[in-house]
2 protein chains.
Amino acid sequence: MGWRRARCRRSSCKLFFPEDPVKIVRAKGQYMYDENGRQYLDCINNVAHVGHCHPDVVNAAHEQNQLLNTNSRYLYDSIVDYAQRLSKTLPEKLCTFYFLNSGSEANDLALRLARQHTKHTDVIVLDHAYHGHLTSLIDISPYKFRNLEGQKDWVHVAPIPDTYRGIYREDHKDLVAAYANEVKEIIEQAHKKGRKIAAFFVESLPSVAGQIIPPAGYFQKVAEHVHKAGGVFVADEIQVGFGRVGKHFWAFQLQGEDLVPDIVTMGKPIGNGHPVACVATTKEIAESFAATGVEYFNTFGGNPVSCAIGLAVLDVIEKEHLQAHAMQVGNLLMELLNQQKVKHPIIGDVRGAGLFIGVDLIKDKEKRTPATEEAEYLITRLKKEYILLSTDGPGRNVLKFKPPMCFSVQDAKLVVDAMDKILTDMEKEGACEPVRDLQS
Amino acid sequence: MGWRRARCRRSSCKLFFPEDPVKIVRAKGQYMYDENGRQYLDCINNVAHVGHCHPDVVNAAHEQNQLLNTNSRYLYDSIVDYAQRLSKTLPEKLCTFYFLNSGSEANDLALRLARQHTKHTDVIVLDHAYHGHLTSLIDISPYKFRNLEGQKDWVHVAPIPDTYRGIYREDHKDLVAAYANEVKEIIEQAHKKGRKIAAFFVESLPSVAGQIIPPAGYFQKVAEHVHKAGGVFVADEIQVGFGRVGKHFWAFQLQGEDLVPDIVTMGKPIGNGHPVACVATTKEIAESFAATGVEYFNTFGGNPVSCAIGLAVLDVIEKEHLQAHAMQVGNLLMELLNQQKVKHPIIGDVRGAGLFIGVDLIKDKEKRTPATEEAEYLITRLKKEYILLSTDGPGRNVLKFKPPMCFSVQDAKLVVDAMDKILTDMEKEGACEPVRDLQS
């Protein structure tokens with residue numbers, strides 16, 4: 001298949017396991033199946049949120065596809081129903097909804113809303129952030145722009161509130177104040193240059209930065225500084241929303257009930273794989289945007305099929321109690337991984353919330369040097385055991401769990417048992433030996 | 001329904017017929033049905049390309065939805081099949097494909113490709129152009145930015161090659177050279193300021209500009225100037241591709257066989273309403289893009305369901321000979337409209353290709369003053385006859401036909417008969433009387 005892919009298609013998308021890619025022909029729940037009928041346990045697909053090919057979602061799509069799929073210049077009920085259902089999950093203030101086709105479109109609109117409302121231009125983001133693949137979003141994604149043209153003058157990068165590897169760590173007496181003061185300092189420096197802050201954009205749980213759990217209360221402190229500067233607070237829930245974190249429906253809610261973002265963006269899991277996305281914001285911001293007289297119209301956004309699918313996903317989350325399930329299974333998985341941490345010195349940190357979990361692999365306890373090759377080797381070995389896991393973080397040393405939400409207790413045990421065996425093997429062979437073996 | 005829509009949803013999308021919007025509950029072929037079972041003839045939905053809810057497309061979606069819907073980090077056949085099928089419709093040089101979720105995402109990527117390949121920044125667009133709703137695209141859409149912050153210094157606006165209302169008209173001896181020289185002049189002026197052209201973006205048939213048919217050969221001349229300046233030529237086929245123009249599969253092909261765009265963008269009709277889009281480009285441009293080392297990844301873009309749907313749309317176009325059908329019905333509709341032009345002096349111009357047709361309504365033959373209110377009145381009266389038509393152009397006086405491709409000879413006759421009756425009434429009443437009537 002490699003040559004077909006290469007000859008007449010795009011060339012810059014990385015495959016999983018590029019040396020030996022997986023050809024998947026079907027999927028169900030938390031499992032994917034290759035052309036030989038082999039079953040893989042999927043620990044990474046946060047898009048197939050309620051499980052691959054969930055029948056309720058598939059049927060909702062089919063019923064609506066047979067009936068009507070048009071644009072929102074016509075009236076139809078489902079778009080209103082969907083907005084109302086989403087509004088029930090959010091703070092009351094967030095009562096205006098825009099529907100779009102991708103998380104990237106959502107973040108781009110959030111940027112436009114923020115700028116139109118504040119009449120400011122500048123954006124503060126966290127280091128290693130990723131907010132999307134559009135021109136405007138690469139500009140606010142250090143994960144991307146560090147490798148391209150570099151940083152625009154209207155973009156400011158704050159240190160990632162990573163309490164394990166960041167500039168302030170678990171031994172610091174007030175992590176919230178320390179990290180939030182960094183943002184305050186950035187605002188002050190920007191003001192000295194005559195610049196003005198439109199928004200602080202943040203993934204509610206930073207993902208490509210290495211599955212980071214910001215200390216609770218950090219967002220509130222930052223929001224305070226940002227609001228004082230006339231900017232708005234944008235919570236990017238594209239990776240982590242819709243009950244994944246277990247305790248709450250939205251990951252920003254982990255920070256505390258008193259946090260109300262001005263804009264929330266949603267994507268990936270929202271349609272279980274169907275291209276749909278959403279921006280929720282306040283009446284005031286929506287009014288500022290409408291006041292330009294230039295309408296926002298999105299051809300496919302919020303069409304009746306996208307709304308039917310979105311509603312079906314919400315129904316399944318409720319009916320199957322997936323949020324509670326994510327908490328239960330996530331807690332167990334964290335516990336099992338913490339047991340492994342005691343046993344295997346390569347595991348430096350286990351962190352997470354619900355079914356969003358990171359395992360930080362290190363070469364040494366003192367410097368916490370990222371065990372990049374070892375992480376790569378581990379996931380390659382897991383793949384041979386038909387378990388799909390991947391890595392993230394700037395050091396590509398953080399194992400990242402974000403499975404479909406139907407991931408079970410048995411699945412958790414299976415993957416941890418497999419990890420245990422492989423790590424034990426690696427220790428026997430000397431941690432770096434197997435890496436050479438892999439490359440030969 | 002009005003209040004529900006207003007209370008908990010977006011506020012800046014204009015409805016069709018805002019005073020008395022249509023609540024549609026189902027649609028089939030070229031017909032839409034309201035909550036009372038009334039059938040409307042749809043003359044405007046170019047997204048429902050092969051007909052609303054076409055069973056082949058609906059079934060392709062359902063089959064694939066039940067099987068697998070994942071991202072392109074895994075291998076699956078349909079993405080390769082789809083790229084190959086599309087490549088057969090295009091000049092050989094356009095052999096690399098990127099799949100995305102919307103025309104806007106496609107144009108944004110085209111902009112990134114152009115800039116990365118040329119290392120230039122500036123873009124030339126036609127006046128009144130619309131290339132999408134993203135931050136980067138509003139910047140290159142005079143239709144939008146004229147009402148917002150205005151024109152960026154890296155954007156240059158060339159006159160629209162409108163041979164009926166433009167700066168050079170049907171009586172000019174060399175329209176191609178005259179309009180292309182305007183672009184040449186812009187390039188020269190830009191160079192004097194030290195600026196460099198990355199791309200010329202053009203809708204192959206400009207739509208919101210008023211259903212414009214650029215004179216054949218204009219694109220080639222422009223491409224020559226743009227290439228000489230080191231820029232690339234981007235044909236935006238989002239509104240008009242996939243056989244709509246009848247004679248050819250792509251509207252840019254109306255310009256002549258010798259035109260090969262460097263980038264072609266596709267959207268709206270590509271998935272018959274499903275959110276999918278595509279960028280086709282050359283190996284060289286794709287390689288320049290890949291050389292940055294930053295991959296392009298789009299979560300939903302080109303997923304197996306989108307590819308299955310895209311393939312089904314191509315199958316239906318072929319199986320039902322919709323391209324030939326569009327030519328046949330389009331030609332008849334043009335003929336009937338031209339008969340009306342002789343009869344009704346309000347019709348200043350009838351122009352089109354296949355099932356992309358504009359009827360330019362004027363107040364007087366000399367100045368060709370746009371008959372804005374009359375156009376609005378006409379479509380409102382047509383709606384009462386259960387015919388959905390709309391207006392476009394800067395004067396909002398151009399009736400725009402872009403129906404589903406199954407639009408029939410009978411449909412064409414029906415709508416022209418209805419127009420004839422309404423125009424006759426309007427003439428009896430004195431052209432502007434009915435407008436006052438409408439507003440009371």
# chains A, B, ... in the order shown; residues from 1 in each chain; ligands from 1
call {"tool": "closest_atom_pairs", "arguments": {"of": "segment 197-285 of chain A", "to": "segment 310-331 of chain A", "cutoff": "8 Å", "atoms": "only C-alpha atoms", "output": "Markdown table"}}
result
| residue | atom | partner | partner_atom | distance |
| --- | --- | --- | --- | --- |
| A:Phe242 | CA | A:Gln323 | CA | 8.0 |
| A:Gly243 | CA | A:Gln323 | CA | 4.7 |
| A:Arg244 | CA | A:Ala326 | CA | 6.2 |
| A:Val245 | CA | A:Met327 | CA | 6.8 |
| A:Gly246 | CA | A:Met327 | CA | 4.1 |
| A:Lys247 | CA | A:Met327 | CA | 6.2 |
| A:His248 | CA | A:Gln323 | CA | 7.6 |
| A:Phe249 | CA | A:Gln323 | CA | 7.1 |
| A:Ile270 | CA | A:Gly310 | CA | 6.1 |
| A:Gly271 | CA | A:Gly310 | CA | 5.1 |
| A:Asn272 | CA | A:Val313 | CA | 6.9 |
| A:Val276 | CA | A:Gly310 | CA | 7.9 |
call {"tool": "write_last_selection", "arguments": {"atoms": "N, CA and C atoms", "output": "JSON list (two decimals), in the first residue's frame"}}
result
[["chain", "number", "residue", "atom", "x", "y", "z"],
["A", 242, "PHE", "N", -16.43, 16.89, 26.76],
["A", 242, "PHE", "CA", -17.49, 15.88, 26.64],
["A", 242, "PHE", "C", -17.32, 14.70, 27.61],
["A", 243, "GLY", "N", -16.95, 15.03, 28.85],
["A", 243, "GLY", "CA", -16.96, 14.02, 29.92],
["A", 243, "GLY", "C", -15.69, 13.21, 30.07],
["A", 244, "ARG", "N", -14.72, 13.43, 29.20],
["A", 244, "ARG", "CA", -13.50, 12.61, 29.25],
["A", 244, "ARG", "C", -12.83, 12.67, 30.62],
["A", 245, "VAL", "N", -12.82, 13.83, 31.26],
["A", 245, "VAL", "CA", -12.09, 13.96, 32.52],
["A", 245, "VAL", "C", -12.84, 13.34, 33.70],
["A", 246, "GLY", "N", -14.03, 12.80, 33.44],
["A", 246, "GLY", "CA", -14.74, 12.02, 34.47],
["A", 246, "GLY", "C", -15.48, 12.86, 35.48],
["A", 247, "LYS", "N", -14.75, 13.59, 36.29],
["A", 247, "LYS", "CA", -15.38, 14.34, 37.37],
["A", 247, "LYS", "C", -16.34, 15.41, 36.82],
["A", 248, "HIS", "N", -15.99, 15.97, 35.68],
["A", 248, "HIS", "CA", -16.80, 17.04, 35.08],
["A", 248, "HIS", "C", -17.04, 16.76, 33.61],
["A", 249, "PHE", "N", -18.00, 17.50, 33.04],
["A", 249, "PHE", "CA", -18.27, 17.36, 31.62],
["A", 249, "PHE", "C", -17.20, 18.08, 30.79],
["A", 270, "ILE", "N", -16.90, 15.62, 19.58],
["A", 270, "ILE", "CA", -18.26, 16.16, 19.54],
["A", 270, "ILE", "C", -19.19, 15.37, 18.61],
["A", 271, "GLY", "N", -18.64, 14.82, 17.52],
["A", 271, "GLY", "CA", -19.48, 14.10, 16.55],
["A", 271, "GLY", "C", -19.00, 12.67, 16.34],
["A", 272, "ASN", "N", -18.21, 12.16, 17.29],
["A", 272, "ASN", "CA", -17.71, 10.78, 17.22],
["A", 272, "ASN", "C", -17.03, 10.47, 15.87],
["A", 276, "VAL", "N", -17.73, 18.02, 12.80],
["A", 276, "VAL", "CA", -18.57, 19.05, 13.39],
["A", 276, "VAL", "C", -17.78, 19.68, 14.54]]
call {"tool": "closest_atom_pairs", "arguments": {"of": "chain B", "to": "chain A", "cutoff": "7 Å", "atoms": "only C-alpha atoms", "output": "JSON lines"}}
result
{"residue": "B:Arg4", "atom": "CA", "partner": "A:Val80", "partner_atom": "CA", "distance": 6.7}
{"residue": "B:Arg5", "atom": "CA", "partner": "A:Val80", "partner_atom": "CA", "distance": 6.0}
{"residue": "B:Cys8", "atom": "CA", "partner": "A:Thr96", "partner_atom": "CA", "distance": 5.6}
{"residue": "B:Arg9", "atom": "CA", "partner": "A:Thr96", "partner_atom": "CA", "distance": 4.8}
{"residue": "B:Arg10", "atom": "CA", "partner": "A:Phe97", "partner_atom": "CA", "distance": 5.3}
{"residue": "B:Ser11", "atom": "CA", "partner": "A:Ala290", "partner_atom": "CA", "distance": 6.7}
{"residue": "B:Ser12", "atom": "CA", "partner": "A:Glu295", "partner_atom": "CA", "distance": 4.6}
{"residue": "B:Cys13", "atom": "CA", "partner": "A:Glu295", "partner_atom": "CA", "distance": 5.2}
{"residue": "B:Lys14", "atom": "CA", "partner": "A:Arg73", "partner_atom": "CA", "distance": 6.4}
{"residue": "B:Leu15", "atom": "CA", "partner": "A:Arg73", "partner_atom": "CA", "distance": 4.2}
{"residue": "B:Phe16", "atom": "CA", "partner": "A:Arg73", "partner_atom": "CA", "distance": 5.4}
{"residue": "B:Pro21", "atom": "CA", "partner": "A:Tyr74", "partner_atom": "CA", "distance": 6.7}
{"residue": "B:Val22", "atom": "CA", "partner": "A:Tyr74", "partner_atom": "CA", "distance": 5.8}
{"residue": "B:Lys23", "atom": "CA", "partner": "A:Leu75", "partner_atom": "CA", "distance": 4.5}
{"residue": "B:Ile24", "atom": "CA", "partner": "A:Tyr76", "partner_atom": "CA", "distance": 6.2}
{"residue": "B:Val25", "atom": "CA", "partner": "A:Leu68", "partner_atom": "CA", "distance": 6.7}
{"residue": "B:Arg26", "atom": "CA", "partner": "A:Leu68", "partner_atom": "CA", "distance": 4.6}
{"residue": "B:Ala27", "atom": "CA", "partner": "A:Leu68", "partner_atom": "CA", "distance": 5.3}
{"residue": "B:Cys53", "atom": "CA", "partner": "A:Gln66", "partner_atom": "CA", "distance": 5.4}
{"residue": "B:Val58", "atom": "CA", "partner": "A:Asn65", "partner_atom": "CA", "distance": 6.0}
{"residue": "B:His62", "atom": "CA", "partner": "A:His62", "partner_atom": "CA", "distance": 5.9}
{"residue": "B:Asn65", "atom": "CA", "partner": "A:Val58", "partner_atom": "CA", "distance": 6.0}
{"residue": "B:Gln66", "atom": "CA", "partner": "A:Cys53", "partner_atom": "CA", "distance": 5.4}
{"residue": "B:Leu67", "atom": "CA", "partner": "A:Arg26", "partner_atom": "CA", "distance": 4.9}
{"residue": "B:Leu68", "atom": "CA", "partner": "A:Arg26", "partner_atom": "CA", "distance": 4.6}
{"residue": "B:Asn69", "atom": "CA", "partner": "A:Gly273", "partner_atom": "CA", "distance": 6.3}
{"residue": "B:Thr70", "atom": "CA", "partner": "A:Gly273", "partner_atom": "CA", "distance": 6.8}
{"residue": "B:Arg73", "atom": "CA", "partner": "A:Leu15", "partner_atom": "CA", "distance": 4.2}
{"residue": "B:Tyr74", "atom": "CA", "partner": "A:Val22", "partner_atom": "CA", "distance": 5.8}
{"residue": "B:Leu75", "atom": "CA", "partner": "A:Lys23", "partner_atom": "CA", "distance": 4.5}
{"residue": "B:Tyr76", "atom": "CA", "partner": "A:Lys23", "partner_atom": "CA", "distance": 5.8}
{"residue": "B:Val80", "atom": "CA", "partner": "A:Arg5", "partner_atom": "CA", "distance": 6.0}
{"residue": "B:Ala83", "atom": "CA", "partner": "A:Arg9", "partner_atom": "CA", "distance": 6.3}
{"residue": "B:Gln84", "atom": "CA", "partner": "A:Cys8", "partner_atom": "CA", "distance": 6.5}
{"residue": "B:Cys95", "atom": "CA", "partner": "A:Cys8", "partner_atom": "CA", "distance": 5.7}
{"residue": "B:Thr96", "atom": "CA", "partner": "A:Arg9", "partner_atom": "CA", "distance": 4.7}
{"residue": "B:Phe97", "atom": "CA", "partner": "A:Arg9", "partner_atom": "CA", "distance": 4.9}
{"residue": "B:Tyr98", "atom": "CA", "partner": "A:Arg10", "partner_atom": "CA", "distance": 5.6}
{"residue": "B:Asn101", "atom": "CA", "partner": "A:Asn101", "partner_atom": "CA", "distance": 6.3}
{"residue": "B:Asp108", "atom": "CA", "partner": "A:Leu134", "partner_atom": "CA", "distance": 6.4}
{"residue": "B:Arg112", "atom": "CA", "partner": "A:Thr135", "partner_atom": "CA", "distance": 6.9}
{"residue": "B:Leu134", "atom": "CA", "partner": "A:Asp108", "partner_atom": "CA", "distance": 6.5}
{"residue": "B:Thr135", "atom": "CA", "partner": "A:Ser136", "partner_atom": "CA", "distance": 6.5}
{"residue": "B:Ser136", "atom": "CA", "partner": "A:Thr135", "partner_atom": "CA", "distance": 6.5}
{"residue": "B:Asn147", "atom": "CA", "partner": "A:Val294", "partner_atom": "CA", "distance": 6.8}
{"residue": "B:Leu148", "atom": "CA", "partner": "A:Thr292", "partner_atom": "CA", "distance": 6.8}
{"residue": "B:Gly273", "atom": "CA", "partner": "A:Asn69", "partner_atom": "CA", "distance": 6.3}
{"residue": "B:Pro275", "atom": "CA", "partner": "A:Phe300", "partner_atom": "CA", "distance": 5.8}
{"residue": "B:Ala290", "atom": "CA", "partner": "A:Ser12", "partner_atom": "CA", "distance": 5.2}
{"residue": "B:Thr292", "atom": "CA", "partner": "A:Leu148", "partner_atom": "CA", "distance": 6.8}
{"residue": "B:Val294", "atom": "CA", "partner": "A:Asn147", "partner_atom": "CA", "distance": 6.9}
{"residue": "B:Glu295", "atom": "CA", "partner": "A:Ser12", "partner_atom": "CA", "distance": 4.6}
{"residue": "B:Tyr296", "atom": "CA", "partner": "A:Cys13", "partner_atom": "CA", "distance": 5.3}
{"residue": "B:Phe297", "atom": "CA", "partner": "A:Cys13", "partner_atom": "CA", "distance": 5.5}
{"residue": "B:Phe300", "atom": "CA", "partner": "A:Pro275", "partner_atom": "CA", "distance": 5.8}
call {"tool": "residues_around", "arguments": {"residues": "Glu182 of chain B", "least_positions_apart": "3", "cutoff": "10 Å", "atoms": "only C-alpha atoms", "output": "list in words"}}
result
Val157, Ala158, Pro159, Ile160, Pro161, Ala177, Ala178, Tyr179, Glu185, Ile186, Ile187, Glu188 and Val222 of chain B
call {"tool": "write_last_selection", "arguments": {"atoms": "N, CA and C atoms", "output": "PDB file, in the first residue's frame"}}
result
ATOM      1  N   VAL B 157      -6.270  44.093  -5.068  1.00  0.00           N
ATOM      2  CA  VAL B 157      -7.568  43.782  -5.660  1.00  0.00           C
ATOM      3  C   VAL B 157      -7.597  44.197  -7.135  1.00  0.00           C
ATOM      4  N   ALA B 158      -7.816  43.227  -7.993  1.00  0.00           N
ATOM      5  CA  ALA B 158      -7.913  43.492  -9.431  1.00  0.00           C
ATOM      6  C   ALA B 158      -9.381  43.642  -9.821  1.00  0.00           C
ATOM      7  N   PRO B 159      -9.641  44.413 -10.872  1.00  0.00           N
ATOM      8  CA  PRO B 159     -11.039  44.567 -11.299  1.00  0.00           C
ATOM      9  C   PRO B 159     -11.632  43.247 -11.773  1.00  0.00           C
ATOM     10  N   ILE B 160     -12.885  43.054 -11.461  1.00  0.00           N
ATOM     11  CA  ILE B 160     -13.588  41.837 -11.853  1.00  0.00           C
ATOM     12  C   ILE B 160     -13.810  41.850 -13.380  1.00  0.00           C
ATOM     13  N   PRO B 161     -13.456  40.750 -14.061  1.00  0.00           N
ATOM     14  CA  PRO B 161     -13.624  40.720 -15.525  1.00  0.00           C
ATOM     15  C   PRO B 161     -15.086  40.476 -15.901  1.00  0.00           C
ATOM     16  N   ALA B 177      -6.942  40.930 -22.880  1.00  0.00           N
ATOM     17  CA  ALA B 177      -5.725  41.718 -22.643  1.00  0.00           C
ATOM     18  C   ALA B 177      -6.004  42.862 -21.667  1.00  0.00           C
ATOM     19  N   ALA B 178      -7.156  43.511 -21.854  1.00  0.00           N
ATOM     20  CA  ALA B 178      -7.470  44.668 -21.025  1.00  0.00           C
ATOM     21  C   ALA B 178      -7.550  44.289 -19.541  1.00  0.00           C
ATOM     22  N   TYR B 179      -8.298  43.225 -19.238  1.00  0.00           N
ATOM     23  CA  TYR B 179      -8.434  42.819 -17.826  1.00  0.00           C
ATOM     24  C   TYR B 179      -7.135  42.202 -17.289  1.00  0.00           C
ATOM     25  N   GLU B 185      -0.386  45.320 -14.155  1.00  0.00           N
ATOM     26  CA  GLU B 185      -0.138  46.649 -13.578  1.00  0.00           C
ATOM     27  C   GLU B 185      -0.030  46.563 -12.045  1.00  0.00           C
ATOM     28  N   ILE B 186      -0.924  45.773 -11.456  1.00  0.00           N
ATOM     29  CA  ILE B 186      -0.899  45.583  -9.996  1.00  0.00           C
ATOM     30  C   ILE B 186       0.424  44.959  -9.565  1.00  0.00           C
ATOM     31  N   ILE B 187       0.877  43.978 -10.327  1.00  0.00           N
ATOM     32  CA  ILE B 187       2.142  43.314 -10.008  1.00  0.00           C
ATOM     33  C   ILE B 187       3.291  44.321 -10.080  1.00  0.00           C
ATOM     34  N   GLU B 188       3.282  45.118 -11.124  1.00  0.00           N
ATOM     35  CA  GLU B 188       4.357  46.107 -11.280  1.00  0.00           C
ATOM     36  C   GLU B 188       4.367  47.105 -10.126  1.00  0.00           C
ATOM     37  N   VAL B 222      -3.400  35.985 -17.230  1.00  0.00           N
ATOM     38  CA  VAL B 222      -3.100  36.342 -15.844  1.00  0.00           C
ATOM     39  C   VAL B 222      -2.042  35.394 -15.283  1.00  0.00           C
TER      40      VAL B 222
END
call {"tool": "residues_around", "arguments": {"residues": "Pro370 of chain B", "least_positions_apart": "3", "cutoff": "6 Å", "atoms": "only C-alpha atoms", "output": "list in words"}}
result
Ile362, Gly395 and Asn397 of chain B
call {"tool": "select_by_dssp", "arguments": {"residues": "segment 59-307 of chain B", "states": "alpha helix (DSSP H)", "output": "VMD selection string"}}
result
chain B and resid 59 to 67 77 to 89 103 to 118 135 to 138 142 to 145 175 to 192 218 to 228 283 to 290 304 to 307
call {"tool": "residues_around", "arguments": {"residues": "Leu337 of chain A", "least_positions_apart": "4", "cutoff": "7 Å", "atoms": "only C-alpha atoms", "output": "NGL selection string"}}
result
:A and (333 or 341 or 350 or 416)
call {"tool": "atom_distance", "arguments": {"atom1": "atom CA of Gly150 of chain B", "atom2": "atom CA of Gly231 of chain B"}}
result
23.5 Å
call {"tool": "atom_distance", "arguments": {"atom1": "atom CA of Ser207 of chain B", "atom2": "atom CA of Asp20 of chain B"}}
result
25.3 Å
call {"tool": "atom_distance", "arguments": {"atom1": "atom CA of Ala223 of chain B", "atom2": "atom CA of Lys400 of chain B"}}
result
28.0 Å
call {"tool": "residues_around", "arguments": {"residues": "Asp420 of chain B", "least_positions_apart": "2", "cutoff": "12 Å", "atoms": "only C-alpha atoms", "output": "VMD selection string"}}
result
chain B and resid 336 to 347 378 381 to 382 413 to 418 422 to 427
call {"tool": "closest_residue", "arguments": {"among": "A:Ser141, A:Gln151, A:Thr118, A:Gln255", "to": "Val176 of chain A", "atoms": "only C-alpha atoms"}}
result
A:Gln255
call {"tool": "closest_residue", "arguments": {"among": "B:Ile212, B:Val50, B:Leu361, B:Ala114", "to": "Ile309 of chain B", "atoms": "only C-alpha atoms"}}
result
B:Val50
